[in-house]
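J.: Here it is, the structure, as structure tokens.
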Amino acid sequence: MRTAERLVQVRPIPLVAAPEQGHRGLAYRPALDGLRAIAVLAVVAYHLGYTQVRGGFLGVDVFFVLSGFLITTLLLLEHQRTGTVSLRAFWGRRARRLLPALLLVLLAVAVWEWGTAAAYELPQRRTDLLWALFYGSNWNLVATAQDYFAQYDTASLVRHTWSLAIEEQFYILWPLIVLGALRLAGGRTRALLGVCVAGIGVSVAMMAVLYSPADPSRAYYGTEARVHQLLIGALLAVALARSEAFRRPRRIGSAAAATGLVLLVVAIATLGDGNASYYHGVSALVALATALLVWGLEVAPRGAPARVLGIAPMRWVGRVSYGVYLWHWPVILAIGTPAAVFAWMPGSLGLTATRVLFTALLAGLSFHLVERPIREGTVPLIRGSLVRFGVAIGAATLALAFAIVSLTTLPSEREWATGSAALDKLGCDFEVCVRYEAPAPGAPVVAVIGDSIARSLDVGMIELAEREGWTYVIAASGGCRITHLLTSVEGDSEKYEPCYEATPGLLRELLDTWQPDLVIALDSVELADQVDGSGPVVTASDAEHLESERREFERITRTFTASGSRLVYVGIPPFVTPPDCLREDTQELDVCAIPASNDRFADPFNEMLAEVVSGFAGDAYVVSITEHLCPGGICRPMVQEIVPRYDGHHFTAEGARWIVPLLHAELVRAGALPPSMS
């Protein structure tokens, strides 16, 4: 069941599987399993919303460093022993370790999406799953600009696989670099040392350059911005291989491990996920603290920190940490109510216990029934044969890709493209875009302003302008108000500051450059909470909220009408359709027929707009499209055999082509068109 509660906004942090210890000369360190346990438990607690681990996302940093160290150590040991590195064997071991559990999780998620996702979600879910399958999730997240702080009920169930993608990209390239550097230097590690140092410097600089306060996703997800943490681990491995003296100071090893552990615990407890310093060098400091801890555990494997980290419960969690990470994020998103056995527990403890129990159960089963048998070569037919494993895993991957496509495609799937698809490709945020220029000189100009809802009308507006002989321009930006009010969503206003700063200038440019005859405004963001300067958040249900909106709309109406433009506000239509009703097999259910009056925010807002325009008779109007979307006062997902709004909010391309002519008819009926456009 999908979570229905309002949960803390968090970004998903992946925890990757560590390389196999005990492989031909790499001694097993129980304490490293304990370190993995700390990392994964911090991540899980962070995703569960526990504020005591504000920096729980740093668990991935720990694993990047640990993976870089262990992978590089394995490669150096093999080269020292054989004079080369068997790339085929290395990549085969990595595939055995990582792929089977991932395929199992992706199959489970695909089945879950098939049974629960709304139809409009399926194309994006399919894309997410396929990118996760082929280890490209991080670049998919960057390319699709998925909300970095997306809510639980809108986040992808596989978004956490972004760091698995970074790990796999590292595993493909790093052995080639190591082998090339060693051959270049005649088997010595000095060239490899230089590669590590240079790579760390470039990567740290790239993270700082790519960071943007409005959306840090590019710096957070990017491979080049993250690789310094893997390379710091690799640098430790090279240092240990180059100098025997680096291994000798056992007396200070325990102190170093203790210091590194304390620094990590402090960072996990105090470093918030919105802290800009993380992107300006702190990520490297966290990696260095982890490297200090790993070095201390390596040179003092019987010291006090190593004994504490190596206790049996920590070892067990560390051994199954890969499965814990793979399963915990989908489990958190999928389970929204506590199991009956935990219902008696206060607050959210019952829900937490349910999620933790399911995660542990699935991770344990995955480890004992899938991961370990395949890694140890005890699966019948495959055994230890790399060729047979390659054939089997290749076939399984292709079969899963086919299953993902099949499960995320409805038998009669419609065109769920948004009406703003072309706009989204062009950008057109924070700028006035000419969408259709009439061939006749001096043709009337119609402008659309507002937010992403206004943008989703674009394809219909282009067709209307072409038919009527108008020039059509748009100055609508996703997530932006037309009023000069700062939006706040669940206490976060920083994300909306670019809108707050850019929109007034954008509207002035529209008036000065185009002098539109008619301006159509549709702006649902006005229903969001506000922040007035440095004061408290003003919620949408407060009288103060509506009053500040009234003042701003009076100002905007005065500005536009004084410039000679006729201004039409489109009343905000009800947003009442449950997402589950947008599946084609559920649209006729009684629960999906909802009275328009259920939207308690839109009606007072639209009444306020009507009062505002009453003071500008003949120059400003309010028209409604609610009766078309909700005929007879009942809102259904389908109207006249089309789905107008793919999420109950934004218009589909089909919906925009259908509703814009009806909007035009309402403009004519209200007498809102200026003489030049009648």
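Following the order of the structure tokens, chains are lettered A, B, ..., residues in each are numbered from 1, and ligands are numbered from 1.
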Need to verify the contact set: segment 206-217 of chain A, 8 Å, only C-alpha atoms, exclusion of same-chain residues closer than 4 positions in sequence. Can you return it as a list of chain:residue names?
T.: A:Val142, A:Tyr148, A:Val202, A:Tyr221, A:Gly222, A:Glu224, A:Ala225, A:Arg226, A:Ala276, A:Tyr279, A:His280, A:Gly281, A:Glu494, A:Lys495, A:Tyr496, A:Glu497, A:Pro498
J.: Tell me, which residues of segment 377-410 of chain A carry DSSP helix (DSSP H, G or I), written as a ChimeraX atom specification?
T.: /A:386-407
J.: Taking only C-alpha atoms into account, name the residue in A:Val60, A:Ala401, A:Leu231, A:Leu326 that is nearest to Ser366 of chain A.
T.: A:Leu326
J.: Need the shell around Tyr621 of chain A: protein/DNA/RNA residues with any atom at most 9 Å away, counting only C-alpha atoms. Skip same-chain ones fewer than 3 positions apart. Format as a PyMOL selection string?
T.: chain A and resi 566-570+609-610+613-614+616-618+667+670-672
J.: Would you mind listing what lies within 12 Å of Thr471 of chain A as a JSON list (two decimals) with C-alpha atoms, in the first residue's frame, with only C-alpha atoms counted and same-chain residues fewer than 6 positions away left out?
T.:
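Result written to result.json:
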[["chain", "number", "residue", "atom", "x", "y", "z"],
["A", 433, "CYS", "CA", 8.54, 32.38, -25.71],
["A", 434, "VAL", "CA", 6.87, 32.98, -29.06],
["A", 435, "ARG", "CA", 4.86, 29.84, -29.74],
["A", 436, "TYR", "CA", 2.99, 30.97, -32.86],
["A", 437, "GLU", "CA", 3.55, 34.15, -34.88],
["A", 438, "ALA", "CA", 0.64, 35.11, -37.11],
["A", 439, "PRO", "CA", 1.61, 35.88, -40.72],
["A", 440, "ALA", "CA", -0.62, 38.97, -40.92],
["A", 441, "PRO", "CA", 1.10, 42.24, -39.92],
["A", 442, "GLY", "CA", -0.28, 43.74, -36.73],
["A", 443, "ALA", "CA", -2.13, 40.56, -35.76],
["A", 444, "PRO", "CA", -3.60, 40.51, -32.23],
["A", 445, "VAL", "CA", -1.34, 39.12, -29.55],
["A", 446, "VAL", "CA", -2.56, 36.70, -26.89],
["A", 447, "ALA", "CA", -0.31, 35.82, -23.96],
["A", 448, "VAL", "CA", -0.56, 33.03, -21.39],
["A", 461, "MET", "CA", -3.23, 27.33, -27.52],
["A", 462, "ILE", "CA", -0.97, 26.95, -30.57],
["A", 463, "GLU", "CA", -3.82, 25.40, -32.56],
["A", 464, "LEU", "CA", -6.28, 28.09, -31.39],
["A", 465, "ALA", "CA", -3.91, 30.92, -32.33],
["A", 514, "TRP", "CA", 4.64, 42.46, -26.76],
["A", 515, "GLN", "CA", 1.87, 44.76, -25.48],
["A", 516, "PRO", "CA", -0.59, 41.85, -25.63],
["A", 517, "ASP", "CA", -4.22, 42.46, -26.48],
["A", 518, "LEU", "CA", -5.32, 39.59, -24.26],
["A", 519, "VAL", "CA", -3.58, 37.95, -21.29],
["A", 677, "MET", "CA", -9.81, 39.59, -31.40]]
J.: Excluding Thr144 of chain A and any residue of its chain fewer than 6 positions from it, enumerate the residues within 12 Å of it, using only C-alpha atoms, and give them as a ChimeraX atom specification.
T.: /A:124-125,127-128,131,137-138,159,217-218,424-425
J.: Go ahead and compute the interatomic distance for atom CA of Leu457 of chain A and atom CA of Leu141 of chain A, in Å to one decimal.
T.: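 About the pair atom CA of Leu457 of chain A and atom CA of Leu141 of chain A: they are 25.8 Å apart.
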J.: Quick one: everything within 12 Å of Tyr500 of chain A, counting only C-alpha atoms, minus sequence neighbours fewer than 3 positions away in the same chain. Send it as a VMD selection string.
T.: chain A and resid 430 477 479 to 488 493 to 497 503 to 507 530 to 533
J.: Write out the residues from the selection above, keeping N, CA and C atoms, as a PDB file, in the first residue's frame.
T.:
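File written: result.pdb
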ATOM      1  N   PHE A 430      11.184  31.147 -17.302  1.00  0.00           N
ATOM      2  CA  PHE A 430      11.778  32.457 -17.017  1.00  0.00           C
ATOM      3  C   PHE A 430      12.117  33.227 -18.297  1.00  0.00           C
ATOM      4  N   SER A 477       6.070  29.742 -16.019  1.00  0.00           N
ATOM      5  CA  SER A 477       7.219  28.967 -15.532  1.00  0.00           C
ATOM      6  C   SER A 477       6.749  27.921 -14.533  1.00  0.00           C
ATOM      7  N   GLY A 479       6.062  25.766 -11.489  1.00  0.00           N
ATOM      8  CA  GLY A 479       6.184  25.977 -10.048  1.00  0.00           C
ATOM      9  C   GLY A 479       6.178  27.420  -9.613  1.00  0.00           C
ATOM     10  N   CYS A 480       5.880  28.371 -10.548  1.00  0.00           N
ATOM     11  CA  CYS A 480       5.998  29.797 -10.230  1.00  0.00           C
ATOM     12  C   CYS A 480       4.635  30.470 -10.130  1.00  0.00           C
ATOM     13  N   ARG A 481       4.502  31.341  -9.130  1.00  0.00           N
ATOM     14  CA  ARG A 481       3.332  32.213  -9.011  1.00  0.00           C
ATOM     15  C   ARG A 481       3.478  33.401  -9.957  1.00  0.00           C
ATOM     16  N   ILE A 482       2.337  33.997 -10.339  1.00  0.00           N
ATOM     17  CA  ILE A 482       2.410  35.279 -11.022  1.00  0.00           C
ATOM     18  C   ILE A 482       2.448  36.416 -10.008  1.00  0.00           C
ATOM     19  N   THR A 483       1.998  36.164  -8.786  1.00  0.00           N
ATOM     20  CA  THR A 483       2.085  37.167  -7.727  1.00  0.00           C
ATOM     21  C   THR A 483       3.501  37.220  -7.175  1.00  0.00           C
ATOM     22  N   HIS A 484       3.822  38.341  -6.523  1.00  0.00           N
ATOM     23  CA  HIS A 484       5.156  38.471  -5.915  1.00  0.00           C
ATOM     24  C   HIS A 484       5.073  38.001  -4.466  1.00  0.00           C
ATOM     25  N   LEU A 485       4.824  36.695  -4.327  1.00  0.00           N
ATOM     26  CA  LEU A 485       4.746  36.045  -3.022  1.00  0.00           C
ATOM     27  C   LEU A 485       5.676  34.839  -3.057  1.00  0.00           C
ATOM     28  N   LEU A 486       6.373  34.597  -1.972  1.00  0.00           N
ATOM     29  CA  LEU A 486       7.329  33.493  -1.922  1.00  0.00           C
ATOM     30  C   LEU A 486       6.623  32.218  -1.485  1.00  0.00           C
ATOM     31  N   THR A 487       6.697  31.196  -2.320  1.00  0.00           N
ATOM     32  CA  THR A 487       6.043  29.918  -2.051  1.00  0.00           C
ATOM     33  C   THR A 487       6.816  29.117  -1.014  1.00  0.00           C
ATOM     34  N   SER A 488       6.077  28.384  -0.191  1.00  0.00           N
ATOM     35  CA  SER A 488       6.676  27.454   0.763  1.00  0.00           C
ATOM     36  C   SER A 488       5.926  26.133   0.674  1.00  0.00           C
ATOM     37  N   SER A 493      11.189  26.969   1.283  1.00  0.00           N
ATOM     38  CA  SER A 493      10.945  28.097   0.383  1.00  0.00           C
ATOM     39  C   SER A 493      12.141  28.371  -0.522  1.00  0.00           C
ATOM     40  N   GLU A 494      13.317  27.842  -0.170  1.00  0.00           N
ATOM     41  CA  GLU A 494      14.525  28.135  -0.932  1.00  0.00           C
ATOM     42  C   GLU A 494      14.391  27.715  -2.389  1.00  0.00           C
ATOM     43  N   LYS A 495      13.720  26.608  -2.619  1.00  0.00           N
ATOM     44  CA  LYS A 495      13.555  26.089  -3.970  1.00  0.00           C
ATOM     45  C   LYS A 495      12.790  27.054  -4.864  1.00  0.00           C
ATOM     46  N   TYR A 496      11.930  27.892  -4.259  1.00  0.00           N
ATOM     47  CA  TYR A 496      11.055  28.762  -5.037  1.00  0.00           C
ATOM     48  C   TYR A 496      11.565  30.197  -5.133  1.00  0.00           C
ATOM     49  N   GLU A 497      12.738  30.455  -4.581  1.00  0.00           N
ATOM     50  CA  GLU A 497      13.285  31.803  -4.647  1.00  0.00           C
ATOM     51  C   GLU A 497      13.581  32.253  -6.076  1.00  0.00           C
ATOM     52  N   THR A 503      10.020  36.305 -11.708  1.00  0.00           N
ATOM     53  CA  THR A 503       8.701  36.500 -12.307  1.00  0.00           C
ATOM     54  C   THR A 503       8.323  37.969 -12.510  1.00  0.00           C
ATOM     55  N   PRO A 504       8.552  38.884 -11.556  1.00  0.00           N
ATOM     56  CA  PRO A 504       8.177  40.284 -11.812  1.00  0.00           C
ATOM     57  C   PRO A 504       8.836  40.853 -13.067  1.00  0.00           C
ATOM     58  N   GLY A 505      10.106  40.591 -13.260  1.00  0.00           N
ATOM     59  CA  GLY A 505      10.797  41.067 -14.456  1.00  0.00           C
ATOM     60  C   GLY A 505      10.263  40.413 -15.715  1.00  0.00           C
ATOM     61  N   LEU A 506       9.909  39.139 -15.624  1.00  0.00           N
ATOM     62  CA  LEU A 506       9.369  38.422 -16.780  1.00  0.00           C
ATOM     63  C   LEU A 506       8.055  39.047 -17.234  1.00  0.00           C
ATOM     64  N   LEU A 507       7.181  39.385 -16.286  1.00  0.00           N
ATOM     65  CA  LEU A 507       5.895  39.980 -16.645  1.00  0.00           C
ATOM     66  C   LEU A 507       6.068  41.393 -17.191  1.00  0.00           C
ATOM     67  N   GLN A 530       2.639  30.356   1.803  1.00  0.00           N
ATOM     68  CA  GLN A 530       3.483  31.511   1.493  1.00  0.00           C
ATOM     69  C   GLN A 530       4.440  31.771   2.648  1.00  0.00           C
ATOM     70  N   VAL A 531       5.511  32.486   2.321  1.00  0.00           N
ATOM     71  CA  VAL A 531       6.389  33.042   3.346  1.00  0.00           C
ATOM     72  C   VAL A 531       6.453  34.542   3.104  1.00  0.00           C
ATOM     73  N   ASP A 532       6.084  35.310   4.107  1.00  0.00           N
ATOM     74  CA  ASP A 532       6.098  36.761   3.992  1.00  0.00           C
ATOM     75  C   ASP A 532       7.410  37.288   4.563  1.00  0.00           C
ATOM     76  N   GLY A 533       8.391  37.549   3.660  1.00  0.00           N
ATOM     77  CA  GLY A 533       9.704  38.011   4.119  1.00  0.00           C
ATOM     78  C   GLY A 533      10.358  36.958   4.984  1.00  0.00           C
TER      79      GLY A 533
END
J.: I want to know what sits within 8 Å of Leu87 of chain A, based on only C-alpha atoms, with residues of the same chain fewer than 2 positions away left out; could you give that as a PyMOL selection string?
T.: chain A and resi 85+89-91+175-176
J.: Please, which residues of segment 560-625 of chain A, numbered as in this document, come out strand (DSSP E or B) from DSSP, as a list in words?
T.: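 Put together, the selection reads Arg566, Leu567, Val568, Tyr569, Val570, Ile594, Pro595, Ala620, Tyr621, Val622 and Val623 of chain A.
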